[in-house]
>>> print(open('model_30.json').read())   # JSON, C-alpha atoms
[["chain", "number", "residue", "atom", "x", "y", "z"],
["A", 1, "MET", "CA", 0.00, 0.00, 0.00],
["A", 2, "GLU", "CA", 1.36, 3.41, -0.96],
["A", 3, "LEU", "CA", 1.41, 6.34, 1.47],
["A", 4, "VAL", "CA", -1.41, 8.23, -0.30],
["A", 5, "GLU", "CA", -3.71, 5.22, -0.06],
["A", 6, "ALA", "CA", -2.68, 4.52, 3.55],
["A", 7, "ARG", "CA", -3.36, 8.13, 4.57],
["A", 8, "GLN", "CA", -6.81, 8.01, 2.97],
["A", 9, "LYS", "CA", -7.60, 4.70, 4.66],
["A", 10, "PHE", "CA", -6.49, 6.10, 8.04],
["A", 11, "ILE", "CA", -8.68, 9.20, 7.63],
["A", 12, "GLU", "CA", -11.71, 7.11, 6.63],
["A", 13, "THR", "CA", -11.18, 4.63, 9.47],
["A", 14, "TRP", "CA", -10.67, 7.38, 12.08],
["A", 15, "GLY", "CA", -13.88, 9.00, 10.82],
["A", 16, "LYS", "CA", -15.86, 5.77, 11.18],
["A", 17, "LEU", "CA", -14.39, 5.14, 14.62],
["A", 18, "GLY", "CA", -15.23, 8.68, 15.71],
["A", 19, "SER", "CA", -18.86, 8.32, 14.64],
["A", 20, "GLU", "CA", -19.10, 5.07, 16.63],
["A", 21, "TRP", "CA", -17.87, 6.99, 19.68],
["A", 22, "GLY", "CA", -20.55, 9.63, 19.18],
["A", 23, "ILE", "CA", -18.30, 12.19, 17.51],
["A", 24, "ASN", "CA", -19.19, 13.79, 14.20],
["A", 25, "ARG", "CA", -17.56, 11.82, 11.36],
["A", 26, "THR", "CA", -16.20, 14.93, 9.66],
["A", 27, "MET", "CA", -14.71, 16.13, 12.94],
["A", 28, "ALA", "CA", -12.89, 12.82, 13.32],
["A", 29, "GLN", "CA", -11.69, 12.95, 9.69],
["A", 30, "VAL", "CA", -10.34, 16.49, 10.07],
["A", 31, "HIS", "CA", -8.61, 15.42, 13.27],
["A", 32, "ALA", "CA", -7.13, 12.41, 11.46],
["A", 33, "LEU", "CA", -5.87, 14.58, 8.60],
["A", 34, "LEU", "CA", -4.18, 17.00, 11.00],
["A", 35, "LEU", "CA", -2.88, 14.11, 13.10],
["A", 36, "ILE", "CA", -0.97, 12.61, 10.17],
["A", 37, "SER", "CA", 0.13, 15.92, 8.62],
["A", 38, "PRO", "CA", 3.71, 16.85, 9.52],
["A", 39, "GLU", "CA", 2.97, 20.56, 9.12],
["A", 40, "ALA", "CA", 0.06, 22.74, 10.22],
["A", 41, "LEU", "CA", -2.63, 23.09, 7.53],
["A", 42, "THR", "CA", -4.83, 26.00, 6.49],
["A", 43, "THR", "CA", -8.59, 25.82, 6.32],
["A", 44, "GLU", "CA", -8.32, 25.72, 2.53],
["A", 45, "GLU", "CA", -5.96, 22.74, 2.66],
["A", 46, "VAL", "CA", -8.35, 20.89, 4.98],
["A", 47, "MET", "CA", -11.28, 21.71, 2.66],
["A", 48, "GLU", "CA", -9.41, 20.47, -0.40],
["A", 49, "ALA", "CA", -8.06, 17.30, 1.20],
["A", 50, "LEU", "CA", -11.46, 16.20, 2.53],
["A", 51, "SER", "CA", -13.76, 17.81, -0.05],
["A", 52, "ILE", "CA", -15.76, 19.71, 2.57],
["A", 53, "SER", "CA", -17.25, 23.19, 2.55],
["A", 54, "ARG", "CA", -15.65, 26.22, 4.18],
["A", 55, "GLY", "CA", -18.46, 26.41, 6.73],
["A", 56, "ASN", "CA", -18.06, 22.75, 7.64],
["A", 57, "ALA", "CA", -14.27, 23.12, 7.88],
["A", 58, "ASN", "CA", -14.47, 26.26, 10.04],
["A", 59, "MET", "CA", -17.08, 24.78, 12.39],
["A", 60, "THR", "CA", -15.17, 21.50, 12.69],
["A", 61, "LEU", "CA", -11.84, 23.22, 13.36],
["A", 62, "ARG", "CA", -13.49, 25.37, 16.07],
["A", 63, "ASP", "CA", -14.91, 22.21, 17.67],
["A", 64, "LEU", "CA", -11.51, 20.50, 17.60],
["A", 65, "ILE", "CA", -9.95, 23.58, 19.22],
["A", 66, "SER", "CA", -12.64, 23.57, 21.92],
["A", 67, "TRP", "CA", -11.87, 19.89, 22.59],
["A", 68, "GLY", "CA", -8.19, 20.83, 23.01],
["A", 69, "LEU", "CA", -7.14, 18.50, 20.18],
["A", 70, "VAL", "CA", -6.09, 21.17, 17.69],
["A", 71, "GLU", "CA", -4.37, 24.49, 18.09],
["A", 72, "LYS", "CA", -4.44, 27.51, 15.83],
["A", 73, "GLN", "CA", -1.08, 28.84, 14.72],
["A", 74, "LEU", "CA", -0.14, 32.06, 12.99],
["A", 75, "LYS", "CA", 2.92, 32.36, 10.79],
["A", 76, "PRO", "CA", 4.79, 35.68, 10.72],
["A", 77, "GLY", "CA", 3.95, 37.72, 7.66],
["A", 78, "GLU", "CA", 0.94, 35.60, 6.70],
["A", 79, "ARG", "CA", -2.75, 36.36, 7.21],
["A", 80, "LYS", "CA", -3.86, 32.73, 7.00],
["A", 81, "GLU", "CA", -4.51, 30.69, 10.10],
["A", 82, "TYR", "CA", -2.86, 27.29, 10.39],
["A", 83, "PHE", "CA", -4.11, 24.33, 12.38],
["A", 84, "PHE", "CA", -1.98, 21.70, 14.06],
["A", 85, "ALA", "CA", -2.99, 18.55, 15.95],
["A", 86, "GLU", "CA", -1.16, 17.04, 18.89],
["A", 87, "LYS", "CA", 0.61, 13.89, 17.69],
["A", 88, "ASP", "CA", 1.20, 12.03, 20.96],
["A", 89, "ALA", "CA", -1.46, 9.31, 21.32],
["A", 90, "TRP", "CA", -1.39, 9.33, 25.15],
["A", 91, "THR", "CA", -1.84, 13.10, 25.28],
["A", 92, "ILE", "CA", -4.75, 12.82, 22.84],
["A", 93, "ALA", "CA", -6.37, 10.03, 24.88],
["A", 94, "ARG", "CA", -6.07, 12.04, 28.09],
["A", 95, "GLN", "CA", -7.52, 15.15, 26.43],
["A", 96, "VAL", "CA", -10.47, 13.22, 25.00],
["A", 97, "ALA", "CA", -11.07, 11.58, 28.40],
["A", 98, "GLN", "CA", -10.98, 14.98, 30.10],
["A", 99, "GLU", "CA", -13.44, 16.52, 27.65],
["A", 100, "ARG", "CA", -15.83, 13.56, 27.73],
["A", 101, "LYS", "CA", -15.72, 13.63, 31.53],
["A", 102, "LYS", "CA", -16.50, 17.35, 31.54],
["A", 103, "ARG", "CA", -19.25, 17.13, 28.91],
["A", 104, "GLU", "CA", -20.88, 13.81, 29.89],
["A", 105, "LEU", "CA", -19.85, 12.34, 33.24],
["A", 106, "ASP", "CA", -19.79, 15.52, 35.37],
["A", 107, "PRO", "CA", -23.38, 16.50, 34.41],
["A", 108, "LEU", "CA", -24.53, 12.90, 35.00],
["A", 109, "LEU", "CA", -22.98, 12.88, 38.48],
["A", 110, "LYS", "CA", -24.75, 16.14, 39.31],
["A", 111, "VAL", "CA", -28.13, 14.74, 38.22],
["A", 112, "LEU", "CA", -27.54, 11.48, 40.08],
["A", 113, "ASN", "CA", -26.65, 13.44, 43.22],
["A", 114, "ASP", "CA", -29.93, 15.37, 42.90],
["A", 115, "LEU", "CA", -31.87, 12.13, 42.29],
["A", 116, "SER", "CA", -30.40, 10.48, 45.36],
["A", 117, "GLU", "CA", -32.32, 13.02, 47.48],
["A", 118, "VAL", "CA", -35.73, 11.81, 46.26],
["A", 119, "LYS", "CA", -38.26, 11.35, 49.06],
["A", 120, "GLY", "CA", -40.50, 8.32, 49.44],
["A", 121, "SER", "CA", -41.50, 5.35, 51.51],
["A", 122, "GLU", "CA", -39.18, 2.35, 51.87],
["A", 123, "LYS", "CA", -42.33, 0.23, 51.69],
["A", 124, "ASP", "CA", -43.07, 1.43, 48.14],
["A", 125, "PRO", "CA", -41.52, -1.03, 45.62],
["A", 126, "ALA", "CA", -41.23, 1.68, 42.95],
["A", 127, "TYR", "CA", -39.35, 3.96, 45.37],
["A", 128, "LYS", "CA", -37.03, 1.16, 46.50],
["A", 129, "THR", "CA", -36.29, 0.12, 42.91],
["A", 130, "PHE", "CA", -35.64, 3.73, 41.89],
["A", 131, "LYS", "CA", -33.33, 4.38, 44.86],
["A", 132, "SER", "CA", -31.45, 1.12, 44.29],
["A", 133, "SER", "CA", -30.97, 1.82, 40.57],
["A", 134, "VAL", "CA", -29.79, 5.38, 41.17],
["A", 135, "LYS", "CA", -27.43, 4.19, 43.93],
["A", 136, "GLY", "CA", -25.89, 1.53, 41.66],
["A", 137, "ILE", "CA", -25.44, 3.90, 38.73],
["A", 138, "THR", "CA", -24.00, 6.54, 41.07],
["A", 139, "LYS", "CA", -21.45, 4.07, 42.44],
["A", 140, "LEU", "CA", -20.43, 2.97, 38.94],
["A", 141, "SER", "CA", -20.24, 6.57, 37.70],
["A", 142, "ALA", "CA", -18.13, 7.60, 40.70],
["A", 143, "ASN", "CA", -15.69, 4.75, 40.02],
["A", 144, "VAL", "CA", -15.48, 5.70, 36.33],
["A", 145, "ASN", "CA", -14.89, 9.29, 37.42],
["A", 146, "LYS", "CA", -12.00, 8.27, 39.72],
["A", 147, "THR", "CA", -10.48, 6.14, 36.96],
["A", 148, "LEU", "CA", -10.70, 8.98, 34.44],
["A", 149, "GLU", "CA", -9.21, 11.47, 36.91],
["A", 150, "THR", "CA", -6.33, 9.06, 37.51],
["A", 151, "MET", "CA", -5.83, 8.60, 33.77],
["A", 152, "ILE", "CA", -5.92, 12.33, 33.07],
["A", 153, "LYS", "CA", -3.23, 13.01, 35.70],
["A", 154, "ALA", "CA", -1.08, 9.94, 35.06],
["A", 155, "GLU", "CA", 1.93, 9.32, 32.94],
["A", 156, "GLU", "CA", 1.38, 6.65, 30.31],
["A", 157, "ASN", "CA", 3.79, 3.99, 31.63],
["A", 158, "TRP", "CA", 2.49, 4.24, 35.20],
["A", 159, "PHE", "CA", -1.16, 4.09, 34.13],
["A", 160, "TRP", "CA", -0.83, 1.02, 31.90],
["A", 161, "GLY", "CA", 1.45, -0.67, 34.42],
["A", 162, "SER", "CA", -1.21, -0.16, 37.10],
["A", 163, "ILE", "CA", -3.99, -1.45, 34.85],
["A", 164, "LEU", "CA", -1.99, -4.53, 33.86],
["A", 165, "LYS", "CA", -1.31, -5.35, 37.54],
["A", 166, "ILE", "CA", -5.06, -5.59, 38.07],
["A", 167, "PHE", "CA", -5.36, -8.33, 35.44],
["A", 168, "LYS", "CA", -2.40, -10.43, 36.61]]
>>> encode(input="model_30.json", output="C-alpha cells")
Amino acid sequence: MELVEARQKFIETWGKLGSEWGINRTMAQVHALLLISPEALTTEEVMEALSISRGNANMTLRDLISWGLVEKQLKPGERKEYFFAEKDAWTIARQVAQERKKRELDPLLKVLNDLSEVKGSEKDPAYKTFKSSVKGITKLSANVNKTLETMIKAEENWFWGSILKIFK
C-alpha cells in the first residue's frame, strides 16, 4: 500500500471510529488529517483534502480547538490561520477523556446526586427500585470518574502498568 492510499484509509477509518464513539464523522476525519500531517494546515488545505465546505471546515476546526485537540497557529507575515494537531497518542487520549468527563460524566454525576435526594417510603416497591438503581449507577459513575481522573493526571507507563497489575 502506498502512502497516499494509507493516509486516505487512516482518515476514513478514524472517521468511522469517531462516529461510533458519538463524535461527528467529519470532525474525526479532520482530526485524522491533522494528526498525520507533519505541518500545520490551512482551512483551505483541509477543505481540499477532505472535499468539505468552508463552513463545515471552520465549524469543525473550532470544535476541535474547543476539545483541546487542535491548536491555531499564525505564521509571521501571513494572514492565514494554520491548524496543528497534537501527535502524541497518550496526550490525545487524556484530552479526550478529560473533555468527555466534563461534557458527559460531570453533568450525570450532578443529576444522580440530585436524584439520590428523592423522598418516598421504603415500603413502596417503585421507590425502592428507583433508589437502588440510582445508587448503583451513582457508584459505577463515581468509580469511572475516579479512573478517568487518575488517567488524566497519570503518565502513560504508570497508568498502563497499574492497569496490567489488576489483570495479573
>>> residues_around(input="model_30.json", residues="Ser53 (chain A)", least_positions_apart="6", cutoff="12 Å", atoms="all atoms listed in the file", output="MDAnalysis selection string")
chainID A and resid 26 43:47 59:60
>>> closest_residue(input="model_30.json", among="A:Lys72, A:Lys139, A:Lys123, A:Arg103", to="Ala85 (chain A)", atoms="only C-alpha atoms")
A:Lys72
>>> residues_around(input="model_30.json", residues="Thr13 (chain A)", least_positions_apart="2", cutoff="12 Å", atoms="all atoms listed in the file", output="PyMOL selection string")
chain A and resi 6-11+15-20+25-26+28-33
>>> closest_residue(input="model_30.json", among="A:Thr138, A:Thr91, A:Ser51, A:Ser132", to="Glu155 (chain A)", atoms="all atoms listed in the file")
A:Thr91
>>> atom_distance(input="model_30.json", atom1="CA of Arg94 (chain A)", atom2="CA of Val134 (chain A)")
27.9 Å
>>> atom_distance(input="model_30.json", atom1="CA of Leu50 (chain A)", atom2="CA of Val96 (chain A)")
22.7 Å
>>> atom_distance(input="model_30.json", atom1="CA of Leu41 (chain A)", atom2="CA of Ile23 (chain A)")
21.5 Å
>>> closest_residue(input="model_30.json", among="A:Ala40, A:Met1, A:Ala49, A:Val118", to="Lys75 (chain A)", atoms="all atoms listed in the file")
A:Ala40
>>> closest_residue(input="model_30.json", among="A:Lys128, A:Lys87, A:Lys165, A:Lys80", to="Ser116 (chain A)", atoms="only C-alpha atoms")
A:Lys128
>>> closest_residue(input="model_30.json", among="A:Glu122, A:Glu117, A:Glu149, A:Glu5", to="Gln95 (chain A)", atoms="only C-alpha atoms")
A:Glu149
>>> closest_residue(input="model_30.json", among="A:Phe167, A:Phe83, A:Trp21, A:Trp67", to="Ser37 (chain A)", atoms="only C-alpha atoms")
A:Phe83
